[in-house]
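K.L.:
work-v8.cif is reproduced in full below (mmCIF, C-alpha atoms).
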data_work
loop_
_atom_site.label_atom_id
_atom_site.label_comp_id
_atom_site.auth_asym_id
_atom_site.auth_seq_id
_atom_site.Cartn_x
_atom_site.Cartn_y
_atom_site.Cartn_z
CA MET A 1466 -26.27 -40.95 -17.07
CA ALA A 1467 -29.80 -41.90 -16.19
CA ALA A 1468 -30.23 -44.71 -13.68
CA GLY A 1469 -31.54 -47.82 -15.40
CA ASN A 1470 -31.91 -49.99 -12.36
CA GLU A 1471 -30.74 -50.24 -8.78
CA VAL A 1472 -27.58 -52.21 -9.52
CA SER A 1473 -26.28 -49.81 -12.13
CA THR A 1474 -27.05 -46.87 -9.87
CA THR A 1475 -25.08 -48.36 -7.02
CA TYR A 1476 -22.30 -49.28 -9.39
CA TYR A 1477 -22.24 -45.77 -10.82
CA ILE A 1478 -21.92 -44.16 -7.38
CA GLN A 1479 -19.33 -46.63 -6.16
CA HIS A 1480 -17.36 -46.30 -9.34
CA HIS A 1481 -17.21 -42.54 -9.05
CA LEU A 1482 -16.14 -42.75 -5.44
CA GLN A 1483 -13.37 -45.29 -6.05
CA ASN A 1484 -9.79 -44.11 -6.22
CA LEU A 1485 -7.27 -45.40 -8.70
CA THR A 1486 -5.33 -47.68 -6.37
CA PHE A 1487 -1.92 -49.19 -6.98
CA GLY A 1488 -0.57 -51.60 -4.42
CA HIS A 1489 0.36 -55.09 -3.39
CA HIS A 1490 -2.55 -57.46 -3.87
CA PRO A 1491 -2.24 -60.81 -2.10
CA VAL A 1492 -3.12 -62.65 -5.33
CA ASN A 1493 -2.14 -60.31 -8.17
CA GLY A 1494 1.02 -58.87 -6.61
CA TRP A 1495 1.94 -55.24 -7.34
CA SER A 1496 -0.79 -54.01 -9.65
CA LEU A 1497 -3.64 -51.57 -10.15
CA ALA A 1498 -6.83 -52.52 -8.36
CA HIS A 1499 -9.54 -53.46 -10.84
CA SER A 1500 -12.37 -53.31 -8.34
CA ALA A 1501 -13.21 -51.80 -4.99
CA GLU A 1502 -12.77 -55.21 -3.36
CA GLU A 1503 -9.27 -55.58 -4.75
CA ALA A 1504 -8.40 -52.12 -3.44
CA VAL A 1505 -9.61 -53.09 0.02
CA GLU A 1506 -7.66 -56.34 -0.10
CA MET A 1507 -4.47 -54.43 -0.79
CA GLY A 1508 -4.62 -53.06 2.74
CA PHE A 1509 -2.26 -50.34 3.81
CA TRP A 1510 0.47 -50.95 1.23
CA ALA A 1511 -1.33 -49.28 -1.58
CA ILE A 1512 -1.40 -45.79 -2.96
CA HIS A 1513 -4.11 -43.73 -4.60
CA LEU A 1514 -2.48 -42.61 -7.80
CA ASP A 1515 -5.26 -40.16 -8.67
CA THR A 1516 -5.20 -38.47 -5.26
CA MET A 1517 -1.43 -38.18 -5.25
CA GLY A 1518 -1.23 -37.09 -8.87
CA TRP A 1519 -3.88 -34.41 -8.68
CA SER A 1520 -2.78 -33.08 -5.31
CA ILE A 1521 0.84 -32.85 -6.40
CA ALA A 1522 -0.27 -31.22 -9.64
CA MET A 1523 -2.22 -28.63 -7.67
CA GLY A 1524 0.71 -28.13 -5.33
CA LEU A 1525 3.02 -27.61 -8.28
CA LEU A 1526 0.53 -25.21 -9.83
CA PHE A 1527 0.58 -23.22 -6.58
CA ILE A 1528 4.38 -23.30 -6.39
CA TRP A 1529 4.77 -22.40 -10.04
CA LEU A 1530 2.28 -19.53 -9.98
CA PHE A 1531 3.55 -17.97 -6.78
CA ARG A 1532 7.20 -18.54 -7.63
CA LYS A 1533 6.61 -16.89 -11.00
CA ALA A 1534 4.98 -13.93 -9.31
CA GLY A 1535 7.75 -13.81 -6.71
CA LYS A 1536 10.46 -13.74 -9.36
CA VAL A 1537 9.08 -10.65 -11.04
CA ALA A 1538 7.78 -9.09 -7.83
CA THR A 1539 8.73 -5.46 -7.67
CA SER A 1540 7.94 -2.84 -5.11
CA GLY A 1541 6.68 -0.71 -7.99
CA VAL A 1542 3.32 -0.96 -9.70
CA PRO A 1543 2.31 -4.66 -9.69
CA GLY A 1544 1.03 -6.48 -12.76
CA GLY A 1545 -2.06 -8.68 -12.95
CA LEU A 1546 -0.60 -11.93 -11.63
CA GLN A 1547 1.47 -10.17 -9.01
CA ASN A 1548 -1.60 -8.28 -7.87
CA ALA A 1549 -3.65 -11.45 -7.42
CA VAL A 1550 -0.80 -13.26 -5.69
CA GLU A 1551 -0.10 -10.31 -3.44
CA MET A 1552 -3.75 -10.13 -2.46
CA VAL A 1553 -3.61 -13.75 -1.28
CA VAL A 1554 -0.27 -13.24 0.44
CA GLU A 1555 -1.48 -10.14 2.19
CA PHE A 1556 -4.68 -11.89 3.24
CA ILE A 1557 -2.67 -14.72 4.78
CA GLU A 1558 -0.25 -12.29 6.38
CA ASN A 1559 -3.09 -10.39 8.05
CA LEU A 1560 -4.73 -13.63 9.11
CA THR A 1561 -1.48 -14.80 10.66
CA ARG A 1562 -0.83 -11.50 12.35
CA SER A 1563 -4.26 -11.43 13.96
CA THR A 1564 -4.35 -15.12 14.94
CA PHE A 1565 -0.77 -16.04 15.68
CA HIS A 1566 0.61 -14.47 18.84
CA GLY A 1567 4.23 -15.41 18.58
CA ARG A 1568 7.23 -14.53 16.53
CA ASN A 1569 7.82 -17.10 13.85
CA PRO A 1570 8.36 -16.09 10.22
CA HIS A 1571 7.53 -19.62 9.02
CA ILE A 1572 3.90 -19.64 10.12
CA ALA A 1573 2.66 -17.37 7.34
CA PRO A 1574 4.25 -19.41 4.51
CA ILE A 1575 2.87 -22.60 6.06
CA ALA A 1576 -0.59 -21.03 6.14
CA LEU A 1577 -0.20 -19.78 2.57
CA THR A 1578 0.78 -23.21 1.32
CA LEU A 1579 -2.13 -24.87 3.08
CA PHE A 1580 -4.67 -22.30 1.97
CA VAL A 1581 -3.79 -22.12 -1.69
CA TRP A 1582 -3.08 -25.80 -2.04
CA ILE A 1583 -6.36 -26.86 -0.43
CA LEU A 1584 -8.20 -24.17 -2.35
CA PHE A 1585 -6.85 -25.48 -5.66
CA MET A 1586 -7.61 -29.10 -4.74
CA ASN A 1587 -11.12 -28.22 -3.63
CA THR A 1588 -11.68 -26.18 -6.77
CA LEU A 1589 -11.22 -29.30 -8.88
CA LYS A 1590 -14.67 -30.14 -7.63
CA ILE A 1591 -16.20 -27.60 -9.97
CA ILE A 1592 -15.17 -29.88 -12.86
CA PRO A 1593 -18.26 -32.02 -13.66
CA VAL A 1594 -18.13 -35.37 -11.86
CA ASP A 1595 -18.27 -37.46 -15.03
CA TYR A 1596 -15.37 -35.82 -16.83
CA GLY A 1597 -12.60 -37.51 -14.89
CA PRO A 1598 -13.90 -41.08 -14.83
CA VAL A 1599 -15.24 -41.02 -18.42
CA LEU A 1600 -12.17 -39.40 -19.93
CA PHE A 1601 -9.78 -41.75 -18.15
CA SER A 1602 -11.85 -44.86 -18.88
CA LYS A 1603 -11.45 -43.96 -22.56
CA LEU A 1604 -7.70 -43.94 -21.90
CA GLY A 1605 -7.95 -47.38 -20.33
CA VAL A 1606 -7.84 -46.29 -16.68
CA ASP A 1607 -10.61 -47.82 -14.59
CA TYR A 1608 -10.97 -45.22 -11.86
CA MET A 1609 -10.28 -41.53 -11.55
CA LYS A 1610 -11.39 -39.43 -8.61
CA ILE A 1611 -9.93 -36.04 -9.38
CA VAL A 1612 -10.69 -34.16 -6.15
CA PRO A 1613 -7.92 -35.13 -3.69
CA THR A 1614 -9.73 -33.61 -0.70
CA THR A 1615 -12.58 -36.11 -1.09
CA ASP A 1616 -10.02 -38.77 -0.20
CA VAL A 1617 -9.62 -39.10 3.56
CA ASN A 1618 -5.99 -40.11 3.03
CA ALA A 1619 -5.18 -36.71 1.56
CA THR A 1620 -6.85 -34.63 4.27
CA LEU A 1621 -5.52 -36.85 7.04
CA GLY A 1622 -2.08 -36.73 5.45
CA MET A 1623 -2.06 -32.95 5.54
CA ALA A 1624 -3.45 -32.97 9.06
CA LEU A 1625 -0.63 -35.33 10.05
CA GLY A 1626 1.80 -32.80 8.64
CA VAL A 1627 0.14 -30.12 10.75
CA PHE A 1628 0.25 -32.45 13.76
CA GLY A 1629 3.96 -32.90 13.21
CA LEU A 1630 4.39 -29.13 13.15
CA ILE A 1631 2.36 -28.78 16.36
CA LEU A 1632 4.57 -31.33 18.13
CA TYR A 1633 7.73 -29.81 16.67
CA TYR A 1634 6.92 -26.28 17.84
CA ASN A 1635 5.71 -27.49 21.22
CA PHE A 1636 9.02 -29.20 21.82
CA LYS A 1637 11.02 -26.37 20.29
CA VAL A 1638 9.37 -23.54 22.21
CA LYS A 1639 8.61 -25.18 25.53
CA GLY A 1640 11.21 -27.91 25.63
CA VAL A 1641 10.43 -31.51 26.54
CA GLY A 1642 9.91 -30.63 30.20
CA GLY A 1643 7.71 -27.65 29.48
CA PHE A 1644 5.55 -29.61 27.08
CA ALA A 1645 5.25 -32.47 29.55
CA ARG A 1646 4.32 -30.03 32.30
CA GLU A 1647 1.68 -28.49 30.11
CA LEU A 1648 0.22 -31.87 29.28
CA SER A 1649 0.15 -33.05 32.88
CA LEU A 1650 -0.65 -29.90 34.86
CA THR A 1651 -3.39 -28.26 32.78
CA PRO A 1652 -6.21 -27.61 33.19
CA PHE A 1653 -6.03 -28.72 36.89
CA ASN A 1654 -2.80 -27.67 38.53
CA HIS A 1655 -2.61 -30.39 41.20
CA TRP A 1656 -0.34 -33.43 41.37
CA ALA A 1657 -3.20 -35.78 42.20
CA LEU A 1658 -4.94 -34.89 38.97
CA ILE A 1659 -1.95 -35.52 36.70
CA PRO A 1660 -3.36 -38.75 35.17
CA PHE A 1661 -6.67 -37.07 34.51
CA ASN A 1662 -4.93 -34.06 32.94
CA LEU A 1663 -2.76 -36.30 30.81
CA VAL A 1664 -5.73 -38.15 29.38
CA LEU A 1665 -7.59 -34.94 28.73
CA GLU A 1666 -4.69 -33.13 27.12
CA ILE A 1667 -3.49 -36.01 24.99
CA VAL A 1668 -6.98 -36.61 23.70
CA SER A 1669 -7.42 -32.95 22.87
CA LEU A 1670 -4.02 -32.94 21.18
CA LEU A 1671 -4.82 -35.98 19.07
CA VAL A 1672 -8.27 -34.71 18.21
CA LYS A 1673 -6.81 -31.58 16.62
CA PRO A 1674 -5.44 -33.14 13.42
CA PHE A 1675 -8.27 -35.62 13.27
CA SER A 1676 -10.93 -32.91 13.39
CA LEU A 1677 -9.02 -30.90 10.78
CA ALA A 1678 -8.93 -33.86 8.42
CA MET A 1679 -12.49 -35.00 9.03
CA ARG A 1680 -14.00 -31.56 8.61
CA LEU A 1681 -12.40 -30.98 5.22
CA PHE A 1682 -12.95 -34.53 4.05
CA GLY A 1683 -16.56 -34.62 5.26
CA ASN A 1684 -17.53 -31.41 3.54
CA MET A 1685 -15.84 -32.28 0.29
CA PHE A 1686 -16.98 -35.89 0.22
CA ALA A 1687 -20.58 -35.00 0.97
CA GLY A 1688 -20.54 -32.36 -1.74
CA GLU A 1689 -19.09 -34.87 -4.18
CA VAL A 1690 -21.80 -37.44 -3.37
CA ILE A 1691 -24.49 -34.86 -3.97
CA PHE A 1692 -22.87 -33.92 -7.29
CA ILE A 1693 -22.89 -37.61 -8.28
CA LEU A 1694 -26.53 -37.98 -7.28
CA ILE A 1695 -27.43 -34.87 -9.27
CA ALA A 1696 -25.54 -36.28 -12.24
CA MET A 1697 -27.89 -39.25 -12.29
CA LEU A 1698 -30.88 -37.08 -13.15
CA PRO A 1699 -32.03 -36.97 -16.78
CA PHE A 1700 -29.46 -34.90 -18.67
CA TRP A 1701 -31.85 -32.02 -19.35
CA ALA A 1702 -32.66 -31.61 -15.64
CA ILE A 1703 -29.14 -31.80 -14.24
CA TRP A 1704 -28.40 -28.10 -14.46
CA VAL A 1705 -31.45 -27.19 -12.36
CA LEU A 1706 -29.79 -28.62 -9.27
CA ASP A 1707 -26.21 -28.78 -10.43
CA VAL A 1708 -25.74 -25.06 -11.06
CA PRO A 1709 -27.00 -23.87 -7.65
CA TRP A 1710 -25.01 -26.61 -5.91
CA ALA A 1711 -21.85 -25.64 -7.81
CA ILE A 1712 -22.37 -21.98 -6.99
CA PHE A 1713 -22.88 -22.91 -3.36
CA HIS A 1714 -19.69 -24.91 -3.55
CA ILE A 1715 -17.68 -21.87 -4.57
CA LEU A 1716 -18.39 -20.79 -1.01
CA VAL A 1717 -17.75 -24.21 0.54
CA VAL A 1718 -14.49 -24.67 -1.37
CA THR A 1719 -13.10 -21.35 -0.15
CA LEU A 1720 -14.52 -21.65 3.33
CA GLN A 1721 -13.12 -25.12 3.96
CA ALA A 1722 -9.67 -24.08 2.76
CA PHE A 1723 -9.91 -21.03 4.99
CA ILE A 1724 -11.07 -22.99 8.05
CA PHE A 1725 -8.30 -25.56 7.66
CA THR A 1726 -5.75 -22.74 7.43
CA VAL A 1727 -7.11 -20.70 10.33
CA LEU A 1728 -7.32 -23.72 12.63
CA THR A 1729 -3.78 -24.72 11.72
CA VAL A 1730 -2.54 -21.24 12.61
CA VAL A 1731 -4.53 -21.31 15.85
CA TYR A 1732 -3.08 -24.71 16.80
CA LEU A 1733 0.44 -23.57 15.98
CA SER A 1734 -0.15 -20.40 17.97
CA ALA A 1735 -1.20 -22.50 20.96
CA ALA A 1736 1.96 -24.55 20.48
CA HIS A 1737 3.99 -21.35 20.91
CA GLU A 1738 2.22 -20.17 24.04
CA HIS A 1739 3.54 -20.76 27.52
CA HIS A 1740 1.02 -21.49 30.22
CA MET B 623 -12.51 -45.47 2.31
CA ASN B 624 -9.22 -47.29 2.72
CA ILE B 625 -6.46 -45.75 4.74
CA ASN B 626 -3.24 -46.53 2.95
CA MET B 627 0.14 -45.24 1.84
CA THR B 628 -1.51 -42.24 0.25
CA LEU B 629 -1.57 -40.82 3.78
CA ILE B 630 2.20 -40.87 4.02
CA GLY B 631 2.61 -39.68 0.46
CA GLN B 632 0.37 -36.72 1.11
CA THR B 633 2.27 -35.85 4.28
CA ILE B 634 5.55 -35.92 2.39
CA ALA B 635 4.10 -33.78 -0.39
CA PHE B 636 2.82 -31.34 2.22
CA ALA B 637 6.23 -31.13 3.86
CA ILE B 638 7.96 -30.52 0.53
CA PHE B 639 5.50 -27.82 -0.56
CA VAL B 640 5.72 -26.08 2.80
CA TRP B 641 9.51 -26.17 2.67
CA PHE B 642 9.58 -24.81 -0.88
CA CYS B 643 7.11 -22.08 0.02
CA ILE B 644 9.12 -21.01 3.08
CA LYS B 645 12.34 -21.06 1.10
CA TYR B 646 11.48 -19.69 -2.34
CA VAL B 647 7.91 -18.42 -2.58
CA TRP B 648 7.20 -16.38 0.50
CA PRO B 649 10.33 -14.20 0.86
CA PRO B 650 10.34 -12.39 -2.52
CA ILE B 651 6.62 -11.62 -2.46
CA SER B 652 6.66 -10.57 1.17
CA ASN B 653 9.75 -8.42 0.60
CA ALA B 654 8.19 -6.72 -2.40
CA LEU B 655 5.06 -6.05 -0.39
CA HIS B 656 6.91 -4.54 2.53
CA GLU B 657 9.18 -2.54 0.28
CA ARG B 658 6.16 -1.08 -1.48
CA GLN B 659 4.54 -0.33 1.86
CA LYS B 660 7.66 1.54 2.91
CA LYS B 661 7.81 3.36 -0.42
CA ILE B 662 4.21 4.47 -0.11
CA ALA B 663 4.74 5.57 3.47
CA ASP B 664 7.82 7.53 2.40
CA GLY B 665 5.87 9.07 -0.46
CA LEU B 666 3.05 10.15 1.83
CA ASP B 667 5.60 11.54 4.25
CA ALA B 668 7.28 13.50 1.49
CA ALA B 669 3.92 14.80 0.32
CA SER B 670 2.96 16.05 3.77
CA ARG B 671 6.41 17.58 4.15
CA ALA B 672 6.01 19.33 0.81
CA THR B 673 2.61 20.64 1.89
CA ARG B 674 4.15 22.03 5.05
CA ASP B 675 6.98 23.58 3.05
CA LEU B 676 4.47 25.14 0.69
CA GLU B 677 2.54 26.60 3.62
CA LEU B 678 5.73 28.03 5.05
CA ALA B 679 6.73 29.50 1.72
CA GLN B 680 3.30 31.04 1.30
CA GLU B 681 3.53 32.58 4.74
CA ARG B 682 6.97 33.89 3.98
CA SER B 683 5.92 35.35 0.66
CA GLU B 684 2.94 37.03 2.29
CA GLN B 685 5.18 38.55 4.92
CA THR B 686 7.68 39.71 2.31
CA LEU B 687 4.87 41.24 0.30
CA LYS B 688 3.59 43.07 3.36
CA GLU B 689 7.06 44.30 4.24
CA SER B 690 7.73 45.48 0.74
CA LYS B 691 4.40 47.28 0.66
CA GLU B 692 5.27 49.04 3.89
CA GLN B 693 8.67 49.89 2.54
CA ALA B 694 7.19 51.24 -0.64
CA SER B 695 4.74 53.47 1.21
CA ALA B 696 7.57 54.71 3.43
CA ILE B 697 9.64 55.50 0.39
CA ILE B 698 6.75 57.33 -1.23
CA GLU B 699 6.13 59.31 1.92
CA GLN B 700 9.78 60.19 2.14
CA ALA B 701 9.83 61.19 -1.48
CA ASN B 702 6.79 63.38 -0.98
CA LYS B 703 8.41 65.03 1.96
CA ARG B 704 11.61 65.47 0.04
CA SER B 705 9.83 66.96 -2.94
CA ALA B 706 7.99 69.41 -0.71
CA GLN B 707 11.31 70.28 0.82
CA ILE B 708 12.89 70.76 -2.59
CA VAL B 709 10.00 72.92 -3.71
CA GLU B 710 10.32 74.92 -0.54
CA GLU B 711 14.03 75.25 -1.02
CA ALA B 712 13.62 76.21 -4.63
CA ARG B 713 11.09 78.78 -3.66
CA ALA B 714 13.42 80.22 -1.08
CA THR B 715 16.30 80.26 -3.48
CA ALA B 716 14.14 81.91 -6.12
CA ARG B 717 13.02 84.50 -3.68
CA ALA B 718 16.56 85.19 -2.56
CA GLU B 719 17.73 85.32 -6.14
CA GLY B 720 14.90 87.65 -7.03
CA GLU B 721 15.71 89.87 -4.10
CA ARG B 722 19.35 89.81 -5.08
CA LEU B 723 18.45 90.71 -8.65
CA VAL B 724 16.19 93.46 -7.50
CA ALA B 725 18.86 94.76 -5.18
CA SER B 726 21.51 94.69 -7.87
CA ALA B 727 19.14 96.32 -10.32
CA ARG B 728 18.35 98.94 -7.78
CA SER B 729 22.03 99.63 -7.09
CA GLU B 730 22.72 99.73 -10.81
CA ILE B 731 19.90 102.15 -11.21
CA GLU B 732 21.30 104.19 -8.42
CA GLN B 733 24.71 104.13 -10.04
CA GLU B 734 23.16 105.07 -13.32
CA VAL B 735 21.34 107.92 -11.64
CA ASN B 736 24.50 109.04 -9.95
CA ARG B 737 26.39 108.86 -13.22
CA ALA B 738 23.59 110.77 -14.91
CA LYS B 739 23.69 113.29 -12.14
CA ASP B 740 27.42 113.62 -12.50
CA GLU B 741 27.10 113.95 -16.23
CA LEU B 742 24.32 116.38 -15.76
CA ARG B 743 26.32 118.30 -13.30
CA ALA B 744 29.21 118.43 -15.74
CA GLN B 745 26.90 119.55 -18.54
CA VAL B 746 25.25 122.07 -16.34
CA SER B 747 28.55 123.46 -15.34
CA ARG B 748 29.58 123.51 -19.01
CA LEU B 749 26.29 125.20 -19.82
CA ALA B 750 26.92 127.61 -17.02
CA ILE B 751 30.33 128.36 -18.35
CA ILE B 752 28.88 128.72 -21.84
CA GLY B 753 26.15 130.89 -20.41
CA ALA B 754 28.70 132.90 -18.52
CA GLU B 755 30.80 133.33 -21.59
CA ARG B 756 27.81 134.53 -23.49
CA ILE B 757 26.86 136.86 -20.74
CA LEU B 758 30.35 138.11 -20.48
CA GLN B 759 30.50 138.72 -24.21
CA GLU B 760 27.40 140.78 -24.07
CA SER B 761 26.43 143.28 -21.42
CA VAL B 762 26.01 141.99 -18.08
CA ASP B 763 22.59 142.88 -16.85
CA GLU B 764 22.73 142.45 -13.22
CA LYS B 765 19.07 141.93 -12.80
CA ALA B 766 18.54 139.74 -15.75
CA HIS B 767 21.52 137.60 -14.95
CA ARG B 768 20.67 137.40 -11.37
CA LYS B 769 17.57 135.57 -12.23
CA LEU B 770 19.36 133.24 -14.59
CA LEU B 771 22.06 132.51 -12.12
CA ASP B 772 19.51 131.85 -9.44
CA GLU B 773 17.78 129.38 -11.66
CA LEU B 774 21.09 127.65 -12.41
CA ALA B 775 21.91 127.48 -8.82
CA ALA B 776 18.53 126.00 -8.07
CA GLU B 777 19.07 123.43 -10.72
CA LEU B 778 22.33 122.20 -9.23
#
Render the structure in this file as structure tokens.
P.N.:
Amino acid sequence: MAAGNEVSTTYYIQHHLQNLTFGHHPVNGWSLAHSAEEAVEMGFWAIHLDTMGWSIAMGLLFIWLFRKAGKVATSGVPGGLQNAVEMVVEFIENLTRSTFHGRNPHIAPIALTLFVWILFMNTLKIIPVDYGPVLFSKLGVDYMKIVPTTDVNATLGMALGVFGLILYYNFKVKGVGGFARELSLTPFNHWALIPFNLVLEIVSLLVKPFSLAMRLFGNMFAGEVIFILIAMLPFWAIWVLDVPWAIFHILVVTLQAFIFTVLTVVYLSAAHEHH
Amino acid sequence: MNINMTLIGQTIAFAIFVWFCIKYVWPPISNALHERQKKIADGLDAASRATRDLELAQERSEQTLKESKEQASAIIEQANKRSAQIVEEARATARAEGERLVASARSEIEQEVNRAKDELRAQVSRLAIIGAERILQESVDEKAHRKLLDELAAEL
């Protein structure tokens, strides 16, 4: 898709970065957004069908694959699928054991879910950027952004889930009083500094999910933009930049999934620790 | 970049996937892994135990071999001694038997000689009687007969 002029270039980029939005438009009522402006006008009461669809599909793929492996899992000689799944499970188990300093059998499955799910969603990025939008426009769908992690809603949604877990375990392990004490009496253990501590601790608590979400989203979104820019080169030159960038993204995809998982485990570990 | 309901939807999806993973995905795989770990550990244990057993058995067999060798040499020594003894005994017996045979032969000979002597004596006396008869039938020459009689007497 060579850029003819400035308008079509801008349109091309914006089109590829627009989610398929369904929501309540002040004029059109409940409908699909037909332009970026309409999507913005829908406000909060709208949903990105492509993000939700692809992320749930990837989640189901994870569940299906690992459930399938779990069903036939034997302690004998493992088959191909079981071997691959076990490798991931063992990797997560070791990660959890070395990072998480409490006793909670649920942390490892949480980390596994996050890691594999995010890995699958990120991996969708390897699919050429034009495939989704072009294929779905042929089917009559205006927009299709297939990588859920390039949507800030998806990453922030997962980070909110993690935030919920952090709060839950803080309250569960330390109790309301213990958690309140930790928030108000660290890092400076003096009554006069309680307001200062509270501000500091609450900010650092709130920043945790936000940084998780922004890191993943930023990396993925930036990579996507670069892919789109590369796709605007003449078709015979695309591979020169596209292939190295895609290869580099094999690293980024895995690394970002890993970082999200590790930080989640670290945060949950901190939630289990008494001060 | 609109923040909208997708946020909530994604959180719900996350919660459901995590719940499903905790409930149905993690336990069987984790169990299989740990079971296999235990199996392998048991197997290694058994192998090291078997190695130890083998070492013990080897030691024992070596000892048995040594003992049996010692026993065998003792038996051979004993047998040698016993054979020497038997030979010695046999020799002694043979000697005694030989001596006995010689002695009996000698006594038999003596008996034989005595019998011969007796017989001889009887014959001589018969001869003497015959001689005497003859002499008596003819003339008795004192001188001539004296000599004869002396000879007879000497012979007795």
K.L.:
For this structure, which residues satisfy the selection - the PyMOL selection byres ((chain A) within 7 of (chain B)) - when it is evaluated on the file as given? I want them as a PyMOL selection string.
P.N.:
chain A and resi 1505+1508-1513+1517+1521+1524+1531-1532+1535-1536+1538-1541+1551+1571+1574-1575+1578+1618-1619+1621-1623+1625-1626
K.L.:
Apply the PyMOL selection byres ((chain A and resi 1703) around 12) to the displayed file and report the matching residues as number ranges by chain.
P.N.:
A: 1466-1467, 1593-1594, 1691-1702, 1704-1711
K.L.:
Check which residues satisfy the PyMOL selection byres ((chain A and resi 1483) around 9) in the file shown, then give them as a ChimeraX atom specification.
P.N.:
/A:1478-1482,1484-1486,1500-1501,1504,1608-1610 /B:623
K.L.:
At what distance in Å, to one decimal, does atom CA of A:Glu1666 lie from atom CA of A:Phe1644?
P.N.:
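Taking atom CA of A:Phe1644 and atom CA of A:Glu1666, their separation equals 10.8 Å.
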K.L.:
Tell me, as a PyMOL selection string, which residues lie within 12 Å of B:Ala775, counting all atoms listed in the file; anything in the same chain fewer than 3 positions away does not count.
P.N.:
chain B and resi 743+746-747+750+767-772+778
K.L.:
Can you pull out the residues contacting A:Ile1724? Cut-off 12 Å, using only C-alpha atoms, and skip same-chain residues under 2 positions away; I want them as a ChimeraX atom specification.
P.N.:
/A:1560,1576,1579-1580,1583-1584,1676-1678,1680-1681,1684,1716-1722,1726-1732
K.L.:
Tell me, as a VMD selection string, which residues lie within 12 Å of A:Ile1659, counting all atoms listed in the file; anything in the same chain fewer than 5 positions away does not count.
P.N.:
chain A and resid 1645 to 1654 1664 to 1667
K.L.:
Record the distance separating atom CA of A:Gly1683 and atom CA of A:Thr1614, expressed in Å with one decimal.
P.N.:
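Here the two named atoms are 9.1 Å from each other.
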K.L.:
How many Å separate atom CA of A:Gly1643 from atom CA of A:His1739?
P.N.:
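Result for atom CA of A:Gly1643 versus atom CA of A:His1739: 8.3 Å, one decimal.
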K.L.:
Box along x, y and z, 6 Å on every side, all listed atoms of stretch 1479-1485 of chain A inside: centre and edge lengths in Å to one decimal, as lines of an AutoDock Vina configuration file.
P.N.:
center_x = -13.3
center_y = -44.6
center_z = -7.4
size_x = 24.1
size_y = 16.1
size_z = 15.9
